[in-house]
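What's in my_file_38.cif: mmCIF, C-alpha atoms
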```cif
data_work
#
loop_
_atom_site.label_atom_id
_atom_site.label_comp_id
_atom_site.auth_asym_id
_atom_site.auth_seq_id
_atom_site.Cartn_x
_atom_site.Cartn_y
_atom_site.Cartn_z
CA MET R 585 0.00 0.00 0.00
CA LEU R 586 1.18 3.49 -0.88
CA LEU R 587 0.10 6.75 0.74
CA VAL R 588 0.09 10.01 -1.23
CA THR R 589 -0.62 13.08 0.87
CA GLY R 590 -1.90 15.95 -1.24
CA GLY R 591 -2.95 13.26 -3.70
CA ALA R 592 -5.94 15.23 -5.00
CA GLY R 593 -3.75 18.23 -5.82
CA PHE R 594 -1.84 19.08 -8.96
CA ILE R 595 1.36 17.03 -8.66
CA GLY R 596 -0.19 14.49 -6.32
CA SER R 597 -3.01 13.52 -8.68
CA ASN R 598 -0.49 13.03 -11.47
CA VAL R 599 1.49 10.72 -9.18
CA VAL R 600 -1.69 8.76 -8.41
CA ALA R 601 -2.38 8.50 -12.16
CA ALA R 602 1.11 7.13 -12.80
CA LEU R 603 0.75 4.57 -10.00
CA ASN R 604 -2.62 3.43 -11.35
CA ASP R 605 -1.20 3.22 -14.86
CA ALA R 606 1.59 1.01 -13.47
CA GLY R 607 -1.05 -1.35 -12.09
CA ARG R 608 -1.16 -0.14 -8.50
CA THR R 609 -4.66 0.22 -7.10
CA ASP R 610 -3.58 0.03 -3.45
CA VAL R 611 -3.12 3.80 -3.35
CA VAL R 612 -4.43 5.85 -0.43
CA VAL R 613 -4.90 9.60 -0.78
CA CYS R 614 -4.84 12.07 2.10
CA ASP R 615 -6.21 15.47 1.14
CA VAL R 616 -8.98 18.04 1.48
CA LEU R 617 -11.30 18.23 -1.52
CA GLY R 618 -13.08 21.47 -0.61
CA HIS R 619 -15.49 23.16 -2.98
CA ASP R 620 -13.25 24.10 -5.92
CA GLY R 621 -13.74 20.97 -8.01
CA LYS R 622 -10.45 19.38 -6.97
CA TRP R 623 -12.20 15.99 -6.92
CA ARG R 624 -12.08 16.01 -10.72
CA ASN R 625 -8.32 15.46 -10.52
CA LEU R 626 -9.07 11.96 -9.21
CA ALA R 627 -12.30 11.22 -11.10
CA LYS R 628 -10.56 8.71 -13.40
CA ARG R 629 -8.54 7.04 -10.64
CA GLN R 630 -8.92 4.00 -8.39
CA LEU R 631 -8.14 4.42 -4.69
CA ALA R 632 -7.94 2.04 -1.74
CA ASP R 633 -8.96 4.80 0.70
CA PHE R 634 -9.29 8.57 1.09
CA VAL R 635 -8.23 10.06 4.43
CA PRO R 636 -8.85 13.63 5.67
CA PRO R 637 -5.65 15.20 7.06
CA ALA R 638 -7.19 15.60 10.52
CA GLU R 639 -7.60 11.81 10.72
CA LEU R 640 -4.27 10.82 9.20
CA MET R 641 -2.23 10.09 12.32
CA ASP R 642 -4.99 7.91 13.76
CA TRP R 643 -5.40 6.15 10.40
CA LEU R 644 -1.67 5.34 10.35
CA LYS R 645 -1.71 3.56 13.71
CA GLY R 646 -0.84 -0.09 13.27
CA ARG R 647 -0.50 0.14 9.49
CA ARG R 648 2.32 -0.81 7.18
CA LEU R 649 3.06 1.07 3.97
CA ASP R 650 5.40 0.33 1.09
CA ALA R 651 6.19 4.06 0.95
CA MET R 652 4.81 7.49 1.75
CA ILE R 653 4.84 10.29 -0.81
CA HIS R 654 4.23 13.46 1.19
CA LEU R 655 3.10 16.29 -1.10
CA GLY R 656 0.32 17.76 1.02
CA ALA R 657 0.89 21.39 2.01
CA ILE R 658 -0.45 24.89 1.92
CA SER R 659 1.45 25.83 -1.21
CA GLU R 660 0.27 29.38 -1.90
CA THR R 661 3.25 31.71 -1.86
CA THR R 662 0.86 34.47 -0.76
CA ALA R 663 -0.35 32.58 2.35
CA THR R 664 -0.36 34.77 5.49
CA ASP R 665 -1.73 32.54 8.30
CA GLY R 666 1.58 31.66 9.89
CA ASP R 667 0.19 29.31 12.52
CA LEU R 668 -1.81 27.30 9.98
CA VAL R 669 1.09 27.09 7.53
CA ILE R 670 3.54 25.92 10.19
CA GLU R 671 1.09 23.34 11.55
CA THR R 672 0.30 22.03 8.07
CA ASN R 673 3.67 22.26 6.34
CA PHE R 674 6.15 21.76 9.17
CA ARG R 675 4.66 20.12 12.26
CA LEU R 676 2.65 17.51 10.36
CA SER R 677 5.70 16.76 8.23
CA MET R 678 7.73 16.19 11.41
CA ARG R 679 5.10 13.77 12.73
CA LEU R 680 5.13 11.87 9.44
CA LEU R 681 8.93 11.78 9.45
CA ASP R 682 8.87 10.27 12.94
CA TRP R 683 6.24 7.72 11.88
CA CYS R 684 8.23 6.69 8.79
CA THR R 685 11.37 6.41 10.90
CA ALA R 686 9.68 4.26 13.55
CA THR R 687 8.04 1.96 11.01
CA GLY R 688 10.90 1.78 8.49
CA THR R 689 8.81 3.34 5.72
CA PRO R 690 10.49 5.12 2.79
CA LEU R 691 9.56 8.82 2.66
CA ILE R 692 9.58 10.99 -0.44
CA TYR R 693 8.53 14.55 0.32
CA ALA R 694 8.04 17.86 -1.44
CA SER R 695 10.37 20.70 -0.60
CA SER R 696 10.34 23.71 -2.92
CA ALA R 697 12.51 26.03 -4.96
CA ALA R 698 10.88 28.76 -2.86
CA THR R 699 13.42 27.84 -0.17
CA TYR R 700 16.08 29.59 -2.29
CA GLY R 701 14.50 33.01 -1.78
CA ASP R 702 15.71 35.59 -4.27
CA GLY R 703 18.41 33.25 -5.56
CA ALA R 704 21.25 35.39 -4.25
CA GLN R 705 22.90 32.26 -2.82
CA GLY R 706 22.41 30.34 -6.06
CA PHE R 707 20.29 27.25 -6.64
CA ARG R 708 22.57 24.44 -5.53
CA ASP R 709 20.82 21.65 -3.64
CA ASP R 710 23.35 21.51 -0.82
CA GLN R 711 21.79 19.34 1.88
CA SER R 712 24.30 20.23 4.60
CA VAL R 713 23.08 22.18 7.61
CA ASP R 714 25.60 24.96 6.94
CA GLY R 715 24.58 25.17 3.30
CA LEU R 716 20.87 25.31 4.10
CA LYS R 717 21.42 28.01 6.71
CA THR R 718 22.65 30.41 4.02
CA LEU R 719 19.22 30.40 2.34
CA ARG R 720 16.69 33.17 2.98
CA PRO R 721 13.17 32.25 1.78
CA MET R 722 11.10 35.29 0.85
CA ASN R 723 7.66 34.03 1.85
CA LEU R 724 5.93 32.02 4.55
CA TYR R 725 5.48 28.99 2.34
CA GLY R 726 9.16 28.83 1.41
CA TRP R 727 10.21 29.28 5.03
CA SER R 728 7.96 26.44 6.22
CA LYS R 729 9.50 24.09 3.66
CA HIS R 730 12.98 25.29 4.57
CA LEU R 731 12.38 24.52 8.26
CA PHE R 732 11.60 20.90 7.45
CA ASP R 733 14.66 20.56 5.18
CA LEU R 734 16.77 21.87 8.06
CA ALA R 735 15.22 19.46 10.55
CA VAL R 736 16.00 16.49 8.32
CA ALA R 737 19.53 17.78 7.65
CA GLU R 738 20.16 18.11 11.40
CA ARG R 739 19.22 14.48 11.92
CA VAL R 740 21.52 13.44 9.10
CA ALA R 741 24.38 15.50 10.54
CA ARG R 742 23.93 14.01 14.01
CA GLY R 743 23.73 10.48 12.67
CA GLU R 744 20.25 10.01 14.02
CA ARG R 745 17.90 7.34 12.77
CA LEU R 746 15.91 8.17 9.63
CA PRO R 747 13.59 6.27 7.29
CA PRO R 748 15.41 3.63 5.19
CA GLN R 749 14.95 5.98 2.25
CA TRP R 750 14.25 9.70 2.46
CA ALA R 751 14.21 12.13 -0.43
CA GLY R 752 13.29 15.81 -0.38
CA LEU R 753 12.48 17.30 -3.77
CA LYS R 754 12.87 20.99 -4.52
CA PHE R 755 10.37 21.47 -7.33
CA PHE R 756 10.90 24.42 -9.65
CA ASN R 757 8.16 25.85 -11.94
CA VAL R 758 5.97 22.82 -12.56
CA PHE R 759 3.14 23.00 -15.09
CA GLY R 760 0.76 20.51 -16.63
CA PRO R 761 -2.68 18.88 -16.40
CA ASN R 762 -4.78 18.99 -13.22
CA GLU R 763 -3.51 22.37 -12.05
CA TYR R 764 -6.82 24.10 -12.79
CA HIS R 765 -8.04 24.35 -9.18
CA LYS R 766 -5.04 26.46 -8.20
CA GLY R 767 -6.48 29.81 -9.29
CA THR R 768 -3.80 32.49 -9.40
CA MET R 769 -1.19 29.84 -8.53
CA MET R 770 -1.75 28.08 -11.87
CA SER R 771 0.99 28.35 -14.44
CA VAL R 772 0.86 31.38 -16.74
CA LEU R 773 0.18 28.99 -19.61
CA ALA R 774 -2.94 27.55 -17.96
CA ARG R 775 -4.19 30.98 -16.87
CA ARG R 776 -3.76 32.54 -20.29
CA PHE R 777 -4.65 29.63 -22.57
CA ASP R 778 -8.25 30.70 -23.14
CA ASP R 779 -6.97 34.12 -24.28
CA VAL R 780 -4.51 32.43 -26.66
CA LYS R 781 -7.28 30.21 -28.04
CA ALA R 782 -9.70 33.12 -28.50
CA GLY R 783 -7.13 35.34 -30.21
CA ARG R 784 -7.11 37.88 -27.40
CA SER R 785 -3.83 39.50 -26.42
CA VAL R 786 -1.81 37.80 -23.71
CA GLN R 787 -0.30 40.16 -21.15
CA LEU R 788 3.21 39.61 -19.86
CA PHE R 789 5.25 41.88 -17.61
CA LYS R 790 7.57 44.49 -18.98
CA SER R 791 11.11 44.36 -17.70
CA HIS R 792 12.17 46.94 -15.16
CA ARG R 793 15.78 45.87 -15.13
CA ASP R 794 18.49 47.09 -17.48
CA GLY R 795 19.73 44.53 -19.97
CA ILE R 796 16.63 42.32 -19.76
CA ALA R 797 13.99 42.60 -22.47
CA ASP R 798 10.25 42.67 -21.84
CA GLY R 799 8.97 39.13 -21.28
CA ASP R 800 12.51 37.82 -20.91
CA GLN R 801 12.20 37.09 -17.18
CA ARG R 802 13.27 33.45 -16.90
CA ARG R 803 12.16 30.40 -14.95
CA ASP R 804 13.08 26.74 -14.88
CA PHE R 805 9.80 25.42 -16.29
CA ILE R 806 9.37 21.65 -15.86
CA TYR R 807 6.52 19.52 -17.14
CA VAL R 808 4.68 17.58 -14.46
CA ASP R 809 5.33 14.26 -16.24
CA ASP R 810 9.07 14.78 -15.66
CA VAL R 811 8.48 15.47 -11.96
CA VAL R 812 6.41 12.31 -11.60
CA ARG R 813 9.05 10.29 -13.44
CA VAL R 814 11.63 11.33 -10.84
CA MET R 815 9.38 10.18 -7.98
CA ILE R 816 8.59 6.84 -9.64
CA TRP R 817 12.32 6.33 -10.14
CA LEU R 818 12.96 7.03 -6.47
CA LEU R 819 10.33 4.49 -5.45
CA ALA R 820 12.15 1.93 -7.59
CA THR R 821 15.59 2.96 -6.30
CA PRO R 822 15.44 2.68 -2.49
CA SER R 823 19.21 3.05 -2.14
CA VAL R 824 18.98 6.76 -3.06
CA SER R 825 18.36 9.34 -0.34
CA GLY R 826 19.00 13.06 -0.18
CA LEU R 827 17.75 16.53 -0.98
CA PHE R 828 17.46 17.11 -4.72
CA ASN R 829 16.48 19.87 -7.11
CA VAL R 830 13.82 18.82 -9.60
CA GLY R 831 14.00 21.12 -12.59
CA THR R 832 15.29 20.89 -16.14
CA GLY R 833 18.50 22.78 -15.47
CA THR R 834 17.61 25.26 -18.22
CA ALA R 835 15.94 28.63 -17.63
CA ARG R 836 13.50 29.78 -20.30
CA CYS R 837 11.60 33.04 -20.57
CA PHE R 838 7.87 33.64 -20.24
CA ARG R 839 7.79 34.87 -23.83
CA ASP R 840 9.10 31.49 -25.03
CA LEU R 841 6.45 29.72 -22.98
CA MET R 842 3.61 31.64 -24.60
CA LEU R 843 5.11 31.49 -28.09
CA ALA R 844 5.17 27.70 -27.72
CA ALA R 845 1.45 27.77 -26.90
CA TYR R 846 0.69 29.81 -30.03
CA ALA R 847 2.80 27.40 -32.07
CA ALA R 848 0.93 24.39 -30.67
CA LEU R 849 -2.33 25.92 -31.88
CA GLY R 850 -0.89 27.16 -35.15
CA ALA R 851 -1.95 30.69 -34.15
CA LYS R 852 -0.33 34.07 -34.69
CA PRO R 853 1.29 35.42 -31.49
CA ASN R 854 -0.44 38.35 -29.84
CA ILE R 855 1.56 39.36 -26.76
CA GLU R 856 1.18 42.67 -24.93
CA TYR R 857 3.68 43.86 -22.34
CA VAL R 858 2.33 45.68 -19.30
CA ASP R 859 4.00 47.42 -16.37
CA MET R 860 4.78 45.24 -13.41
CA PRO R 861 2.96 46.42 -10.25
CA GLU R 862 5.26 48.72 -8.29
CA GLY R 863 4.65 46.75 -5.12
CA ILE R 864 6.43 43.65 -6.43
CA ARG R 865 9.16 45.21 -8.54
CA GLY R 866 11.70 45.15 -5.74
CA SER R 867 11.22 41.47 -4.94
CA TYR R 868 10.39 40.01 -8.36
CA GLN R 869 12.71 37.21 -9.47
CA TYR R 870 14.11 37.65 -12.95
CA PHE R 871 15.91 34.30 -13.08
CA THR R 872 15.62 30.83 -11.56
CA GLN R 873 17.48 27.78 -12.81
CA SER R 874 17.99 24.53 -10.95
CA GLU R 875 21.25 22.66 -10.73
CA VAL R 876 20.39 19.03 -11.39
CA ASP R 877 23.82 17.40 -11.22
CA ARG R 878 23.19 15.87 -7.77
CA LEU R 879 20.11 14.05 -9.04
CA GLN R 880 22.00 12.85 -12.09
CA ARG R 881 24.98 11.71 -10.00
CA ALA R 882 22.54 9.74 -7.87
CA GLY R 883 21.73 7.75 -11.00
CA TYR R 884 18.71 9.47 -12.51
CA ASN R 885 18.94 9.47 -16.29
CA GLY R 886 15.30 9.96 -17.27
CA GLY R 887 15.98 13.30 -18.92
CA PHE R 888 13.64 16.28 -19.13
CA THR R 889 11.14 17.34 -21.77
CA ALA R 890 12.09 20.39 -23.84
CA LEU R 891 9.81 23.37 -23.21
CA GLU R 892 8.29 23.43 -26.69
CA ASP R 893 7.56 19.69 -26.60
CA ALA R 894 6.04 19.92 -23.11
CA VAL R 895 3.81 22.84 -24.06
CA ASP R 896 2.73 21.05 -27.23
CA ALA R 897 1.78 17.94 -25.24
CA TYR R 898 -0.09 19.98 -22.62
CA VAL R 899 -1.99 22.09 -25.14
CA LYS R 900 -2.97 19.31 -27.54
CA GLY R 901 -3.50 16.61 -24.95
CA PHE R 902 -5.34 18.63 -22.30
CA LEU R 903 -5.86 22.39 -22.55
CA ASP R 904 -7.40 22.33 -26.02
CA ARG R 905 -9.83 19.54 -25.15
CA THR R 906 -13.26 19.51 -23.56
CA ASP R 907 -11.96 17.19 -20.84
CA ARG R 908 -8.75 18.77 -19.59
CA PHE R 909 -8.14 16.26 -16.78
CA ARG R 910 -5.71 13.37 -16.67
#
```
As C-alpha cells - that is how I would like this structure written.
Amino acid sequence: MLLVTGGAGFIGSNVVAALNDAGRTDVVVCDVLGHDGKWRNLAKRQLADFVPPAELMDWLKGRRLDAMIHLGAISETTATDGDLVIETNFRLSMRLLDWCTATGTPLIYASSAATYGDGAQGFRDDQSVDGLKTLRPMNLYGWSKHLFDLAVAERVARGERLPPQWAGLKFFNVFGPNEYHKGTMMSVLARRFDDVKAGRSVQLFKSHRDGIADGDQRRDFIYVDDVVRVMIWLLATPSVSGLFNVGTGTARCFRDLMLAAYAALGAKPNIEYVDMPEGIRGSYQYFTQSEVDRLQRAGYNGGFTALEDAVDAYVKGFLDRTDRFR
C-alpha cells in the first residue's frame, strides 16, 4: 500500500495516475477536496482509501506502507496565516517523518525552490546544515518548507535514525494537467490559454531591469510528467536518499512559454507587455534555474522534456480539449 498526501492536488493527482497506470490500485490519498472541483483530478482514478488530514495520524496507527509520498501542504506563496502554515507544512511533516522512521517506511517529500528566496545564494541543492542556513526564503510557504529541510539535515548531521529511504524534492516551476483548481497559482500557460485560443492578447510583464527585455524574465519550467518520473524512479531505487532539485536545469523566458502555446495551436502570437505592479518590482525574481547534477549523480537518467515539446503535449492533450483532466 502506498500513501500520497496531497494526492488530490496538482502534482499528487499526477502521481496517483502514474501509479494506477503502473497497475497499483492500493493507493491511499490524504487530502482536502473542498469546494473548488479538486475531486475532478481523481475522477478517473482508483483508490484504496481517502483520508482527511485531521484523521491521518490515527489512520496510520498499526498500518504498514510500502512508501509514503508526502506532497500535502499549503502551497500558496501568498499565504499569510503563519500558525496554519507551520502546523500544516512543518509540524505535520515532522510527525510523518517520525512515523516513517519508527516503522521503516520510505519517505519521499516535497520541498520547494521557494526555499532559495531571491536566488542570491544560487540554486545548488546543498543538503548540509551549513549550506541550508545560508538560504533566505522570501515568503511564509518557502520558510515552512525550509524549516523541514533543516530538521531532516540536522538528523543526518547528528547520525540520528531516519527512514530507510528519504528524499526531499525541490520542485521548480511545474506546469501541466490537473492544475486548474489552483487559481492564481496556476501556471501562466494555464491561466492565459483561453486568451490564446480566443485570439485575445496575452499580457506579460515588462522588464524593469536594465539589460533584460520585456517578457525575458526566466524560470526553470518543468513539465509535471518529468516530476512524476523522478518520484517513480525514487520508489524503484530505495538506495537513493537526499535533498534534490527537480527542474530541467535550463531557464526559459515567459515569452518562449507563450510562443510555444501559439505554435501548438498554429496561431499568430499576440503578446502585450504591461508594467509590473510597483509593489512587487523590488522582490520580483528575474531568473531561476535549478542545478540538477546531484540528481544525475545519484543515477537518474530519465531526462527532461524540452519546453516546446512539453507545451505542445499539454496544449494538444489537455488544454485544447473539452476534458482537460488526466
With 4 Å of padding per side, what axis-aligned box (centre and edge lengths, Å, one decimal) covers all the listed atoms of region 831-836 of chain R? Give it as AutoDock Vina command-line options.
```
--center_x 16.0 --center_y 25.3 --center_z -16.4 --size_x 13.0 --size_y 16.9 --size_z 15.7
```
Give me, as a short mmCIF file (atom, residue, chain, number, x, y, z; two decimals) with C-alpha atoms, in the frame of the given file, all polymer residues having an atom no more than 12 Å from Trp750 (chain R), counting only C-alpha atoms and skipping those fewer than 5 positions away in the same chain.
```cif
data_model
loop_
_atom_site.label_atom_id
_atom_site.label_comp_id
_atom_site.auth_asym_id
_atom_site.auth_seq_id
_atom_site.Cartn_x
_atom_site.Cartn_y
_atom_site.Cartn_z
CA ALA R 651 6.19 4.06 0.95
CA MET R 652 4.81 7.49 1.75
CA ILE R 653 4.84 10.29 -0.81
CA HIS R 654 4.23 13.46 1.19
CA LEU R 680 5.13 11.87 9.44
CA LEU R 681 8.93 11.78 9.45
CA ASP R 682 8.87 10.27 12.94
CA CYS R 684 8.23 6.69 8.79
CA THR R 685 11.37 6.41 10.90
CA GLY R 688 10.90 1.78 8.49
CA THR R 689 8.81 3.34 5.72
CA PRO R 690 10.49 5.12 2.79
CA LEU R 691 9.56 8.82 2.66
CA ILE R 692 9.58 10.99 -0.44
CA TYR R 693 8.53 14.55 0.32
CA ALA R 694 8.04 17.86 -1.44
CA ASP R 733 14.66 20.56 5.18
CA VAL R 736 16.00 16.49 8.32
CA ALA R 737 19.53 17.78 7.65
CA ARG R 739 19.22 14.48 11.92
CA VAL R 740 21.52 13.44 9.10
CA ARG R 745 17.90 7.34 12.77
CA MET R 815 9.38 10.18 -7.98
CA LEU R 818 12.96 7.03 -6.47
CA LEU R 819 10.33 4.49 -5.45
CA THR R 821 15.59 2.96 -6.30
CA PRO R 822 15.44 2.68 -2.49
CA SER R 823 19.21 3.05 -2.14
CA VAL R 824 18.98 6.76 -3.06
CA SER R 825 18.36 9.34 -0.34
CA GLY R 826 19.00 13.06 -0.18
CA LEU R 827 17.75 16.53 -0.98
CA PHE R 828 17.46 17.11 -4.72
#
```
Just say which residues the PyMOL selection byres ((chain R and resi 658) around 8) picks in this file, as a PyMOL selection string.
chain R and resi 656-657+659-660+663+669+672-673+725
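Minimum atom-to-atom distance to Tyr898 (chain R), evaluated using all atoms listed in the file, belongs to R:Gly760 out of R:Phe871, R:Asp800, R:Leu788, R:Gly760.
If only C-alpha atoms are the atoms counted, then among R:Asp615, R:Leu849, R:Ala697, R:Val876 the closest residue to Ala638 (chain R) is R:Asp615.
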Name the residues that the PyMOL selection byres ((chain R and resi 852-857) around 10) picks from the file above, as an NGL selection string, using the file's chain letters and numbers.
:R and (779-780 or 783-791 or 798-799 or 839 or 842-847 or 849-851 or 858-860)
Chain and number of each residue from the PyMOL selection byres ((chain R and resi 892) around 9), as a list in words:
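That expression, the PyMOL selection byres ((chain R and resi 892) around 9), corresponds here to Asp840, Leu841, Leu843, Ala844, Ala845, Ala847, Ala848, Thr889, Ala890, Leu891, Asp893, Ala894, Val895, Asp896 and Ala897 of chain R.
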Residues within 12 Å of Ala602 (chain R), only C-alpha atoms, excluding chain neighbours under 2 positions, as an mmCIF file with C-alpha atoms, in the coordinates of the input:
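Listing of around01.cif after writing:
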```cif
data_model
loop_
_atom_site.group_PDB
_atom_site.id
_atom_site.type_symbol
_atom_site.label_atom_id
_atom_site.label_comp_id
_atom_site.auth_asym_id
_atom_site.auth_seq_id
_atom_site.Cartn_x
_atom_site.Cartn_y
_atom_site.Cartn_z
ATOM 1 C CA VAL R 588 0.090 10.010 -1.230
ATOM 2 C CA GLY R 591 -2.950 13.260 -3.700
ATOM 3 C CA ILE R 595 1.360 17.030 -8.660
ATOM 4 C CA GLY R 596 -0.190 14.490 -6.320
ATOM 5 C CA SER R 597 -3.010 13.520 -8.680
ATOM 6 C CA ASN R 598 -0.490 13.030 -11.470
ATOM 7 C CA VAL R 599 1.490 10.720 -9.180
ATOM 8 C CA VAL R 600 -1.690 8.760 -8.410
ATOM 9 C CA ASN R 604 -2.620 3.430 -11.350
ATOM 10 C CA ASP R 605 -1.200 3.220 -14.860
ATOM 11 C CA ALA R 606 1.590 1.010 -13.470
ATOM 12 C CA GLY R 607 -1.050 -1.350 -12.090
ATOM 13 C CA ARG R 608 -1.160 -0.140 -8.500
ATOM 14 C CA THR R 609 -4.660 0.220 -7.100
ATOM 15 C CA VAL R 611 -3.120 3.800 -3.350
ATOM 16 C CA LEU R 626 -9.070 11.960 -9.210
ATOM 17 C CA LYS R 628 -10.560 8.710 -13.400
ATOM 18 C CA ARG R 629 -8.540 7.040 -10.640
ATOM 19 C CA GLN R 630 -8.920 4.000 -8.390
ATOM 20 C CA VAL R 808 4.680 17.580 -14.460
ATOM 21 C CA ASP R 809 5.330 14.260 -16.240
ATOM 22 C CA ASP R 810 9.070 14.780 -15.660
ATOM 23 C CA VAL R 811 8.480 15.470 -11.960
ATOM 24 C CA VAL R 812 6.410 12.310 -11.600
ATOM 25 C CA ARG R 813 9.050 10.290 -13.440
ATOM 26 C CA VAL R 814 11.630 11.330 -10.840
ATOM 27 C CA MET R 815 9.380 10.180 -7.980
ATOM 28 C CA ILE R 816 8.590 6.840 -9.640
ATOM 29 C CA TRP R 817 12.320 6.330 -10.140
ATOM 30 C CA ARG R 910 -5.710 13.370 -16.670
#
```
Hey, could you patch up region 851-876 of chain R with N, CA and C atoms and hand it over as an mmCIF file, in the frame of the given file?
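Contents of the output file selection-v5.cif:
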```
data_model
loop_
_atom_site.group_PDB
_atom_site.id
_atom_site.type_symbol
_atom_site.label_atom_id
_atom_site.label_comp_id
_atom_site.auth_asym_id
_atom_site.auth_seq_id
_atom_site.Cartn_x
_atom_site.Cartn_y
_atom_site.Cartn_z
ATOM 1 N N ALA R 851 -1.360 29.348 -34.203
ATOM 2 C CA ALA R 851 -1.950 30.690 -34.150
ATOM 3 C C ALA R 851 -0.874 31.764 -34.197
ATOM 4 N N LYS R 852 -1.246 32.939 -34.627
ATOM 5 C CA LYS R 852 -0.330 34.070 -34.690
ATOM 6 C C LYS R 852 -0.159 34.658 -33.286
ATOM 7 N N PRO R 853 1.071 34.858 -32.839
ATOM 8 C CA PRO R 853 1.290 35.420 -31.490
ATOM 9 C C PRO R 853 0.693 36.802 -31.341
ATOM 10 N N ASN R 854 0.143 37.051 -30.165
ATOM 11 C CA ASN R 854 -0.440 38.350 -29.840
ATOM 12 C C ASN R 854 -0.132 38.641 -28.380
ATOM 13 N N ILE R 855 1.080 39.138 -28.128
ATOM 14 C CA ILE R 855 1.560 39.360 -26.760
ATOM 15 C C ILE R 855 1.667 40.850 -26.498
ATOM 16 N N GLU R 856 1.140 41.272 -25.371
ATOM 17 C CA GLU R 856 1.180 42.670 -24.930
ATOM 18 C C GLU R 856 1.981 42.745 -23.641
ATOM 19 N N TYR R 857 2.856 43.723 -23.541
ATOM 20 C CA TYR R 857 3.680 43.860 -22.340
ATOM 21 C C TYR R 857 3.147 45.016 -21.486
ATOM 22 N N VAL R 858 2.921 44.707 -20.217
ATOM 23 C CA VAL R 858 2.330 45.680 -19.300
ATOM 24 C C VAL R 858 3.282 45.924 -18.134
ATOM 25 N N ASP R 859 3.146 47.094 -17.507
ATOM 26 C CA ASP R 859 4.000 47.420 -16.370
ATOM 27 C C ASP R 859 3.778 46.445 -15.216
ATOM 28 N N MET R 860 4.859 46.052 -14.609
ATOM 29 C CA MET R 860 4.780 45.240 -13.410
ATOM 30 C C MET R 860 4.300 46.108 -12.251
ATOM 31 N N PRO R 861 3.405 45.617 -11.399
ATOM 32 C CA PRO R 861 2.960 46.420 -10.250
ATOM 33 C C PRO R 861 4.152 46.891 -9.419
ATOM 34 N N GLU R 862 4.129 48.156 -9.028
ATOM 35 C CA GLU R 862 5.260 48.720 -8.290
ATOM 36 C C GLU R 862 5.538 47.962 -7.001
ATOM 37 N N GLY R 863 4.488 47.423 -6.400
ATOM 38 C CA GLY R 863 4.650 46.750 -5.120
ATOM 39 C C GLY R 863 5.499 45.496 -5.164
ATOM 40 N N ILE R 864 5.640 44.880 -6.344
ATOM 41 C CA ILE R 864 6.430 43.650 -6.430
ATOM 42 C C ILE R 864 7.731 43.829 -7.194
ATOM 43 N N ARG R 865 7.965 45.027 -7.708
ATOM 44 C CA ARG R 865 9.160 45.210 -8.540
ATOM 45 C C ARG R 865 10.456 44.954 -7.776
ATOM 46 N N GLY R 866 10.472 45.308 -6.508
ATOM 47 C CA GLY R 866 11.700 45.150 -5.740
ATOM 48 C C GLY R 866 12.024 43.719 -5.380
ATOM 49 N N SER R 867 11.005 42.849 -5.361
ATOM 50 C CA SER R 867 11.220 41.470 -4.940
ATOM 51 C C SER R 867 11.027 40.460 -6.068
ATOM 52 N N TYR R 868 10.684 40.929 -7.250
ATOM 53 C CA TYR R 868 10.390 40.010 -8.360
ATOM 54 C C TYR R 868 11.662 39.307 -8.819
ATOM 55 N N GLN R 869 11.562 37.983 -8.990
ATOM 56 C CA GLN R 869 12.710 37.210 -9.470
ATOM 57 C C GLN R 869 12.772 37.251 -10.985
ATOM 58 N N TYR R 870 13.929 37.599 -11.505
ATOM 59 C CA TYR R 870 14.110 37.650 -12.950
ATOM 60 C C TYR R 870 14.739 36.367 -13.494
ATOM 61 N N PHE R 871 15.218 35.484 -12.593
ATOM 62 C CA PHE R 871 15.910 34.300 -13.080
ATOM 63 C C PHE R 871 15.906 33.203 -12.021
ATOM 64 N N THR R 872 15.436 32.018 -12.396
ATOM 65 C CA THR R 872 15.620 30.830 -11.560
ATOM 66 C C THR R 872 16.051 29.686 -12.468
ATOM 67 N N GLN R 873 17.002 28.921 -12.016
ATOM 68 C CA GLN R 873 17.480 27.780 -12.810
ATOM 69 C C GLN R 873 18.080 26.744 -11.862
ATOM 70 N N SER R 874 17.517 25.568 -11.870
ATOM 71 C CA SER R 874 17.990 24.530 -10.950
ATOM 72 C C SER R 874 19.337 23.975 -11.404
ATOM 73 N N GLU R 875 20.060 23.461 -10.437
ATOM 74 C CA GLU R 875 21.250 22.660 -10.730
ATOM 75 C C GLU R 875 20.854 21.219 -10.472
ATOM 76 N N VAL R 876 20.919 20.391 -11.492
ATOM 77 C CA VAL R 876 20.390 19.030 -11.390
ATOM 78 C C VAL R 876 21.484 17.967 -11.356
#
```
